[in-house]
Structures are given as structure tokens and as C-alpha cells.
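Heads up, the thing below is written out as C-alpha cells.
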Amino acid sequence: MNAWEPIAVDEPALRTDAFEVRRAGPTGAAPPSPLVFASPHSGRLYPADMMAAAALDAQSIRRSEDAYVDDLISGAAQFGVATIAARYARAYIDLNREAFELDPGMFADELPEFARARTARVAAGLGAIARVVSEGQEIYARKLTFAEARGRIDSAHTPYHETLKALIEEAHAAHGFAILVDWHSMPAAAARTGGRDRSCDMVLGDRFGAACAGVLPARVERELEGLGYRVARNTPYAGGYTTEHYGRPSRRVHALQVEINRALYLDEATLIPTAGFDTLKADLEKVARTLAHADWSSLGAA
């Protein structure tokens, strides 16, 4: 393949209610690059069983979405990058959490011991099944049952992560290593935290160096800054469950989380993309193309 020649990618190679996958080549063929892009929080399907129990309407709950991030990265497959994106809303089931990271206070029945999470995320109402949306509004008008939670985990969380794991393993088998980039978006207000005198455009989270070799965030940072974006590292987002779970540099699996300032492309009040959307999408395609054809041989070294 010519290093700069796009690969023909038509319809998603796999689409379920829970997620869709775009491969950079035929199913069963070796992936042309070691990269996998994921978007676990951009889903905008709100199943009827959720809305029947909700106190809020879908538009109110949508404020917790990483809106349109799946669209922003959808062009990466043409450059040799496999992509996977959630279709169910993160408020229905958060794929960037451990499956049973549940809040006992949300449920009418007693949770099994393994599902009684005591994490900061659960305390904030943002476990695998969220209790609140970003403004702190309670999502549900009633308590849920563990059977409802189990149904969401079995139908969405488990198959998403099984498929993501398979994409990573395919890349690793073909190239000797794999690179996972987990894409998110952040409220504009969050981009101004951390003692900065002005907001940043992107935050790269590598679990403070634990999730990937330093060459990965350094290269991504350089490409983004070369396009004019202001980039921060690990503050206020150092990487969530996906980055922590899959990032195993000692096994040659490298994971990086990228948070995009929503002010770059979205009206946060209406959730309608702004004129900046097309520019950002084109820039992220440039980044995907460069990363897919970069020399990552150091990541495969023993």
C-alpha cells in the first residue's frame, strides 16, 4: 500500500445495537497498522427500558455524552486504523468503567458483593450505570434492579470489550505490538482547570506514564501542537478504565486517552455541532494518517 493512499472503507464491518466497528481491511486480513481508535462515550441510543424508568428526558441526559466523537474519528479507518464506537448512550451503560462498578444506593435489591463498588466515580454518581448527568440531576425516577443492570452489562459492556480486546489482539499479532487511543470530549469548563491561565484544547492521559511508552503521547502531542492545538497531559483527565485496563507497555500494548474540548466543535447548550466540527474532523484525520504510517518500531522492541 502506498503510505499516503487511503484504504477504501464503506459500511461498518460490524454493527450491533451496542457498538459498531470499522476495519481498515477485510475481516480476517491482518490489520495494516497497529492502531485501534475507540469512542466509548459517544453513543446516542436511549433504549425504551431506560427511558421508562427515567425522571429526565433524553435531551437532558444527552449532556453527559461525548457528543459526535464517533463521527470525528470515523475517517481513521481509511488510513489503516481500526475503530470501535459505542451506540448505546454512556448513561445507559458506561463502557469506560469496570462492568460491575455499581452504586448500591441505586438499586431496589441487594447487590452481590462483587458489584458493591466503593470508588470515587461511584460516589460521584458516575459508575457503570450513572445516577446523575453532568449537571448533577438525578436520572432515574425509581430504583433499578440488579437484573436490569446485568442485562445492560451482558448486552453491551461485555460484547464491546470482547470486540475491543479482539481488535487489539489482532493488531498485536500482526505487528508485535498494539496502540489503543481512547477518544473522549470534555466540557469547556473542565478544559480551564488545573491552574491554567487559559483553556487547553486536548488532554492526553497516559495514567502518568503507566499505560504506554512515552514516545506515544509525545508523538500525538507533537502532531496536535503542529496543527495549532494547545495540549495538556494528565490533568484533569489521566485516563479511565479503558486506558488503565488495556495499557500494558510490558506486554507491548500501549493505551492513551485523548480528551477534546467541546468548545472546538459543539454548542454545549444545544448539542449542535458548530462550524468548527469540519475543521477538527479534518485535523484528526491528518493525525490518524500520520500515526498510522509512523515508525513505531521502538514499541515492538524487547
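Please note that chains go A, B, ... in the order of the C-alpha cells, that every chain numbers its residues from 1, and that ligands are numbered from 1 in the order shown.
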Run DSSP on the backbone and give me the residues of range 69-213 of chain A it puts in strand (DSSP E), as a PDB file with N, CA and C atoms, in the first residue's frame.
```pdb
ATOM      1  N   ALA A  82      -8.212   0.660  12.791  1.00  0.00           N
ATOM      2  CA  ALA A  82      -9.490   0.061  13.161  1.00  0.00           C
ATOM      3  C   ALA A  82     -10.181   0.947  14.188  1.00  0.00           C
ATOM      4  N   THR A  83     -11.508   1.104  14.070  1.00  0.00           N
ATOM      5  CA  THR A  83     -12.242   1.925  15.032  1.00  0.00           C
ATOM      6  C   THR A  83     -13.426   1.152  15.599  1.00  0.00           C
ATOM      7  N   ILE A  84     -13.724   1.439  16.859  1.00  0.00           N
ATOM      8  CA  ILE A  84     -14.906   0.888  17.515  1.00  0.00           C
ATOM      9  C   ILE A  84     -15.577   2.023  18.275  1.00  0.00           C
ATOM     10  N   ALA A  85     -16.885   2.131  18.129  1.00  0.00           N
ATOM     11  CA  ALA A  85     -17.631   3.224  18.759  1.00  0.00           C
ATOM     12  C   ALA A  85     -18.916   2.695  19.369  1.00  0.00           C
ATOM     13  N   ALA A  86     -19.216   3.178  20.563  1.00  0.00           N
ATOM     14  CA  ALA A  86     -20.454   2.799  21.240  1.00  0.00           C
ATOM     15  C   ALA A  86     -21.657   3.348  20.487  1.00  0.00           C
ATOM     16  N   ALA A 178       0.551  -3.249  19.904  1.00  0.00           N
ATOM     17  CA  ALA A 178      -0.705  -2.582  19.558  1.00  0.00           C
ATOM     18  C   ALA A 178      -0.760  -1.235  20.255  1.00  0.00           C
ATOM     19  N   ILE A 179      -1.461  -0.296  19.608  1.00  0.00           N
ATOM     20  CA  ILE A 179      -1.650   1.049  20.152  1.00  0.00           C
ATOM     21  C   ILE A 179      -3.141   1.345  20.188  1.00  0.00           C
ATOM     22  N   LEU A 180      -3.669   1.557  21.378  1.00  0.00           N
ATOM     23  CA  LEU A 180      -5.070   1.928  21.553  1.00  0.00           C
ATOM     24  C   LEU A 180      -5.157   3.404  21.919  1.00  0.00           C
ATOM     25  N   VAL A 181      -5.965   4.154  21.166  1.00  0.00           N
ATOM     26  CA  VAL A 181      -6.248   5.545  21.511  1.00  0.00           C
ATOM     27  C   VAL A 181      -7.733   5.637  21.821  1.00  0.00           C
ATOM     28  N   ASP A 182      -8.051   6.027  23.044  1.00  0.00           N
ATOM     29  CA  ASP A 182      -9.427   6.095  23.529  1.00  0.00           C
ATOM     30  C   ASP A 182      -9.859   7.556  23.490  1.00  0.00           C
ATOM     31  N   TRP A 183     -10.837   7.880  22.630  1.00  0.00           N
ATOM     32  CA  TRP A 183     -11.210   9.262  22.352  1.00  0.00           C
ATOM     33  C   TRP A 183     -12.435   9.691  23.161  1.00  0.00           C
ATOM     34  N   HIS A 184     -12.337  10.880  23.732  1.00  0.00           N
ATOM     35  CA  HIS A 184     -13.406  11.446  24.550  1.00  0.00           C
ATOM     36  C   HIS A 184     -13.529  12.944  24.277  1.00  0.00           C
ATOM     37  N   SER A 185     -14.575  13.548  24.834  1.00  0.00           N
ATOM     38  CA  SER A 185     -14.647  15.013  24.824  1.00  0.00           C
ATOM     39  C   SER A 185     -14.961  15.491  26.230  1.00  0.00           C
ATOM     40  N   MET A 186     -14.536  16.714  26.519  1.00  0.00           N
ATOM     41  CA  MET A 186     -14.704  17.289  27.861  1.00  0.00           C
ATOM     42  C   MET A 186     -15.440  18.617  27.769  1.00  0.00           C
ATOM     43  N   MET A 202      -6.835  19.943  24.090  1.00  0.00           N
ATOM     44  CA  MET A 202      -6.779  18.486  24.222  1.00  0.00           C
ATOM     45  C   MET A 202      -6.032  18.130  25.507  1.00  0.00           C
ATOM     46  N   VAL A 203      -6.462  17.052  26.132  1.00  0.00           N
ATOM     47  CA  VAL A 203      -5.736  16.498  27.281  1.00  0.00           C
ATOM     48  C   VAL A 203      -5.375  15.058  26.952  1.00  0.00           C
ATOM     49  N   LEU A 204      -4.097  14.753  27.040  1.00  0.00           N
ATOM     50  CA  LEU A 204      -3.617  13.396  26.811  1.00  0.00           C
ATOM     51  C   LEU A 204      -3.433  12.712  28.162  1.00  0.00           C
ATOM     52  N   GLY A 205      -4.086  11.574  28.339  1.00  0.00           N
ATOM     53  CA  GLY A 205      -3.987  10.829  29.588  1.00  0.00           C
ATOM     54  C   GLY A 205      -3.316   9.488  29.389  1.00  0.00           C
TER      55      GLY A 205
END
```
Inset, instruction - May I have the residues within 7 Å of range 60-74 of chain A as a PyMOL selection string, using only C-alpha atoms and disregarding those fewer than 3 positions away in the same chain? - result: chain A and resi 39+41-42+56-57+77+85+89-90+133-134+184-185+281+284
I need the residues from that last selection saved to file as a tab-separated table (two decimals), in the first residue's frame (with C-alpha atoms), if you can.
```tsv
chain	number	residue	atom	x	y	z
A	39	SER	CA	-15.06	6.01	21.36
A	41	HIS	CA	-18.99	7.62	25.32
A	42	SER	CA	-20.42	8.92	22.05
A	56	LEU	CA	-35.36	13.16	32.74
A	57	ASP	CA	-35.97	13.30	29.02
A	77	ALA	CA	-10.20	3.56	9.05
A	85	ALA	CA	-17.63	3.22	18.76
A	89	ALA	CA	-25.57	6.16	25.48
A	90	ARG	CA	-22.99	6.21	28.25
A	133	VAL	CA	-25.99	13.60	34.43
A	134	SER	CA	-23.21	16.13	34.27
A	184	HIS	CA	-13.41	11.45	24.55
A	185	SER	CA	-14.65	15.01	24.82
A	281	LYS	CA	-12.54	16.29	11.90
A	284	LEU	CA	-7.96	14.46	13.37
```
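Each of A:Pro32, A:Pro236, A:Gly125, A:Pro159 was compared to Glu20 in chain A using only C-alpha atoms, and A:Pro159 turns out to be the nearest.
The nearest approach to Ile168 in chain A among the residues A:Leu256, A:Tyr246, A:Pro112, A:Gln78, with only C-alpha atoms taken into account, belongs to A:Tyr246.
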Legend entry - Who sits within 12 Å of Val231 in chain A, only C-alpha atoms, same chain under 2 positions skipped, as a ChimeraX atom specification: /A:191-192,196,198-205,217-229,233-236,258-261
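Remark: for Lys286 in chain A, the closest of the candidate residues A:Ala53, A:Ala188, A:Ala76, A:Ala29 is A:Ala76 (distances computed over only C-alpha atoms).
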Residues of range 40-165 of chain A in alpha helix (DSSP H) according to DSSP, as a PDB file with C-alpha atoms, in the first residue's frame?
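File produced: result39.pdb:
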```
ATOM      1  CA  ALA A  48     -37.026   2.180  25.961  1.00  0.00           C
ATOM      2  CA  ASP A  49     -36.394   0.328  29.227  1.00  0.00           C
ATOM      3  CA  MET A  50     -34.098   3.118  30.381  1.00  0.00           C
ATOM      4  CA  MET A  51     -36.439   5.939  29.435  1.00  0.00           C
ATOM      5  CA  ALA A  52     -39.393   4.198  31.108  1.00  0.00           C
ATOM      6  CA  ALA A  53     -37.504   4.416  34.422  1.00  0.00           C
ATOM      7  CA  ALA A  58     -33.362  12.057  26.571  1.00  0.00           C
ATOM      8  CA  GLN A  59     -32.240  15.575  25.616  1.00  0.00           C
ATOM      9  CA  SER A  60     -31.372  16.342  29.236  1.00  0.00           C
ATOM     10  CA  ILE A  61     -29.499  13.068  29.639  1.00  0.00           C
ATOM     11  CA  VAL A  69     -16.736  11.931  18.900  1.00  0.00           C
ATOM     12  CA  ASP A  70     -17.566   8.784  16.932  1.00  0.00           C
ATOM     13  CA  ASP A  71     -18.091  10.959  13.856  1.00  0.00           C
ATOM     14  CA  LEU A  72     -14.870  12.876  14.491  1.00  0.00           C
ATOM     15  CA  ILE A  73     -12.780   9.677  14.361  1.00  0.00           C
ATOM     16  CA  ALA A 120     -14.734   7.857  43.682  1.00  0.00           C
ATOM     17  CA  ARG A 121     -16.646   7.548  40.422  1.00  0.00           C
ATOM     18  CA  VAL A 122     -19.492   5.690  42.108  1.00  0.00           C
ATOM     19  CA  ALA A 123     -19.548   8.251  44.925  1.00  0.00           C
ATOM     20  CA  PHE A 146     -29.720  -5.809  39.611  1.00  0.00           C
ATOM     21  CA  ALA A 147     -31.337  -7.823  36.817  1.00  0.00           C
ATOM     22  CA  GLU A 148     -31.664  -4.601  34.795  1.00  0.00           C
ATOM     23  CA  ALA A 149     -28.020  -3.768  35.382  1.00  0.00           C
ATOM     24  CA  ARG A 150     -26.948  -7.294  34.483  1.00  0.00           C
ATOM     25  CA  GLY A 151     -28.940  -7.082  31.267  1.00  0.00           C
ATOM     26  CA  ARG A 152     -27.133  -3.892  30.216  1.00  0.00           C
ATOM     27  CA  THR A 158     -19.288  -7.413  27.698  1.00  0.00           C
ATOM     28  CA  PRO A 159     -19.549  -7.647  23.888  1.00  0.00           C
ATOM     29  CA  TYR A 160     -17.963  -4.196  23.415  1.00  0.00           C
ATOM     30  CA  HIS A 161     -14.910  -5.132  25.456  1.00  0.00           C
ATOM     31  CA  GLU A 162     -14.676  -8.596  23.916  1.00  0.00           C
ATOM     32  CA  THR A 163     -14.580  -6.937  20.490  1.00  0.00           C
ATOM     33  CA  LEU A 164     -12.126  -4.228  21.547  1.00  0.00           C
ATOM     34  CA  LYS A 165      -9.850  -6.880  23.043  1.00  0.00           C
TER      35      LYS A 165
END
```
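A straight line drawn from CA of Val132 in chain A to CA of Phe107 in chain A is 14.1 Å long.
Shortest separation to Phe79 in chain A among A:Gly276, A:Gly300, A:Gly25, A:Pro187 occurs at residue A:Gly25, atoms counted being only C-alpha atoms.
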Legend entry - Ala124 in chain A environment, 12 Å, only C-alpha atoms, sequence neighbours closer than 4 positions dropped, as a PyMOL selection string: chain A and resi 102-103+118-120+128-138
Next, dump the selected residues to file, keeping only N, CA and C atoms, as a PDB file, in the first residue's frame.
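Result saved to selection_23.pdb:
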```pdb
ATOM      1  N   LEU A 102     -20.885  -0.490  40.407  1.00  0.00           N
ATOM      2  CA  LEU A 102     -22.270  -0.073  40.602  1.00  0.00           C
ATOM      3  C   LEU A 102     -22.475   0.575  41.971  1.00  0.00           C
ATOM      4  N   ASP A 103     -23.455   1.454  42.026  1.00  0.00           N
ATOM      5  CA  ASP A 103     -23.811   2.182  43.245  1.00  0.00           C
ATOM      6  C   ASP A 103     -24.960   1.446  43.940  1.00  0.00           C
ATOM      7  N   ARG A 118     -16.832   0.682  45.619  1.00  0.00           N
ATOM      8  CA  ARG A 118     -16.622   1.835  46.504  1.00  0.00           C
ATOM      9  C   ARG A 118     -15.526   2.706  45.885  1.00  0.00           C
ATOM     10  N   THR A 119     -15.841   3.267  44.754  1.00  0.00           N
ATOM     11  CA  THR A 119     -14.878   4.100  44.042  1.00  0.00           C
ATOM     12  C   THR A 119     -15.334   5.551  44.058  1.00  0.00           C
ATOM     13  N   ALA A 120     -14.400   6.436  43.749  1.00  0.00           N
ATOM     14  CA  ALA A 120     -14.734   7.857  43.682  1.00  0.00           C
ATOM     15  C   ALA A 120     -15.758   8.119  42.588  1.00  0.00           C
ATOM     16  N   ALA A 128     -20.768   2.469  36.458  1.00  0.00           N
ATOM     17  CA  ALA A 128     -21.063   1.831  35.179  1.00  0.00           C
ATOM     18  C   ALA A 128     -22.481   2.156  34.711  1.00  0.00           C
ATOM     19  N   ILE A 129     -23.393   2.321  35.643  1.00  0.00           N
ATOM     20  CA  ILE A 129     -24.706   2.885  35.347  1.00  0.00           C
ATOM     21  C   ILE A 129     -24.805   4.184  36.135  1.00  0.00           C
ATOM     22  N   ALA A 130     -24.832   5.281  35.413  1.00  0.00           N
ATOM     23  CA  ALA A 130     -24.774   6.591  36.058  1.00  0.00           C
ATOM     24  C   ALA A 130     -26.048   6.895  36.825  1.00  0.00           C
ATOM     25  N   ARG A 131     -25.870   7.552  37.962  1.00  0.00           N
ATOM     26  CA  ARG A 131     -27.013   8.024  38.754  1.00  0.00           C
ATOM     27  C   ARG A 131     -27.405   9.434  38.363  1.00  0.00           C
ATOM     28  N   VAL A 132     -26.438  10.235  37.915  1.00  0.00           N
ATOM     29  CA  VAL A 132     -26.690  11.642  37.592  1.00  0.00           C
ATOM     30  C   VAL A 132     -26.109  11.964  36.219  1.00  0.00           C
ATOM     31  N   VAL A 133     -26.612  13.033  35.617  1.00  0.00           N
ATOM     32  CA  VAL A 133     -25.990  13.598  34.427  1.00  0.00           C
ATOM     33  C   VAL A 133     -25.009  14.664  34.890  1.00  0.00           C
ATOM     34  N   SER A 134     -24.339  15.261  33.930  1.00  0.00           N
ATOM     35  CA  SER A 134     -23.209  16.126  34.269  1.00  0.00           C
ATOM     36  C   SER A 134     -23.586  17.311  35.149  1.00  0.00           C
ATOM     37  N   GLU A 135     -24.830  17.772  35.074  1.00  0.00           N
ATOM     38  CA  GLU A 135     -25.241  18.899  35.934  1.00  0.00           C
ATOM     39  C   GLU A 135     -25.628  18.450  37.334  1.00  0.00           C
ATOM     40  N   GLY A 136     -25.522  17.162  37.624  1.00  0.00           N
ATOM     41  CA  GLY A 136     -25.887  16.647  38.934  1.00  0.00           C
ATOM     42  C   GLY A 136     -27.344  16.271  39.062  1.00  0.00           C
ATOM     43  N   GLN A 137     -28.103  16.297  37.970  1.00  0.00           N
ATOM     44  CA  GLN A 137     -29.512  15.919  38.022  1.00  0.00           C
ATOM     45  C   GLN A 137     -29.653  14.398  38.098  1.00  0.00           C
ATOM     46  N   GLU A 138     -30.558  13.958  38.943  1.00  0.00           N
ATOM     47  CA  GLU A 138     -30.813  12.529  39.077  1.00  0.00           C
ATOM     48  C   GLU A 138     -31.498  12.010  37.818  1.00  0.00           C
TER      49      GLU A 138
END
```
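Comparing the minimum interatomic distances between Arg248 in chain A and each of A:Tyr46, A:Tyr92, A:Phe19, A:Phe177, counting only C-alpha atoms, we find that A:Phe177 sits nearest.
Residues within 12 Å of Gly28 in chain A, counting only C-alpha atoms and excluding same-chain residues fewer than 4 positions away, are A:Ala13, A:Arg23, A:Ala24, A:Pro32, A:Ala166, A:Leu167, A:Glu170, A:Ala171, A:Ala174.
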Could you write out the selected residues, including all heavy atoms, as a compact mmCIF listing (two decimals), in the first residue's frame?
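Full text of out-v4.txt as output:
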```
# COMPACT_ATOMS: atom_id res chain seq x y z
N ALA A 13 -17.88 -2.77 9.38
CA ALA A 13 -17.70 -4.22 9.24
C ALA A 13 -18.61 -4.98 10.20
O ALA A 13 -18.99 -6.12 9.94
CB ALA A 13 -16.24 -4.58 9.50
N ARG A 23 -13.29 -1.66 10.16
CA ARG A 23 -11.97 -2.26 9.96
C ARG A 23 -11.26 -1.56 8.80
O ARG A 23 -11.89 -1.01 7.91
CB ARG A 23 -12.09 -3.75 9.67
CG ARG A 23 -12.64 -4.55 10.84
CD ARG A 23 -12.73 -6.03 10.48
NE ARG A 23 -13.25 -6.80 11.61
CZ ARG A 23 -12.49 -7.30 12.57
NH1 ARG A 23 -11.17 -7.11 12.53
NH2 ARG A 23 -13.01 -7.98 13.57
N ALA A 24 -9.95 -1.60 8.85
CA ALA A 24 -9.16 -0.96 7.79
C ALA A 24 -8.84 -1.94 6.67
O ALA A 24 -7.99 -1.67 5.83
CB ALA A 24 -7.87 -0.41 8.39
N PRO A 32 -3.62 -3.34 8.73
CA PRO A 32 -2.46 -2.67 8.12
C PRO A 32 -1.67 -1.79 9.06
O PRO A 32 -0.54 -1.42 8.75
CB PRO A 32 -3.09 -1.84 7.00
CG PRO A 32 -4.51 -1.64 7.41
CD PRO A 32 -4.89 -2.86 8.17
N ALA A 166 -10.35 -8.11 21.00
CA ALA A 166 -10.00 -8.85 19.79
C ALA A 166 -9.28 -7.94 18.79
O ALA A 166 -8.32 -8.38 18.13
CB ALA A 166 -11.26 -9.44 19.16
N LEU A 167 -9.73 -6.70 18.64
CA LEU A 167 -9.06 -5.77 17.73
C LEU A 167 -7.62 -5.51 18.17
O LEU A 167 -6.70 -5.45 17.34
CB LEU A 167 -9.83 -4.45 17.67
CG LEU A 167 -11.21 -4.48 16.99
CD1 LEU A 167 -11.90 -3.13 17.17
CD2 LEU A 167 -11.09 -4.83 15.51
N GLU A 170 -5.54 -8.61 17.43
CA GLU A 170 -5.25 -8.73 16.00
C GLU A 170 -4.09 -7.81 15.62
O GLU A 170 -3.19 -8.21 14.88
CB GLU A 170 -6.49 -8.38 15.18
CG GLU A 170 -7.59 -9.42 15.23
CD GLU A 170 -8.87 -8.95 14.57
OE1 GLU A 170 -8.85 -7.87 13.91
OE2 GLU A 170 -9.89 -9.64 14.70
N ALA A 171 -4.13 -6.58 16.12
CA ALA A 171 -3.05 -5.64 15.83
C ALA A 171 -1.72 -6.14 16.40
O ALA A 171 -0.68 -6.08 15.75
CB ALA A 171 -3.39 -4.26 16.40
N ALA A 174 -0.28 -9.01 14.35
CA ALA A 174 0.24 -8.62 13.05
C ALA A 174 1.51 -7.80 13.14
O ALA A 174 2.37 -7.88 12.25
CB ALA A 174 -0.83 -7.83 12.29
```
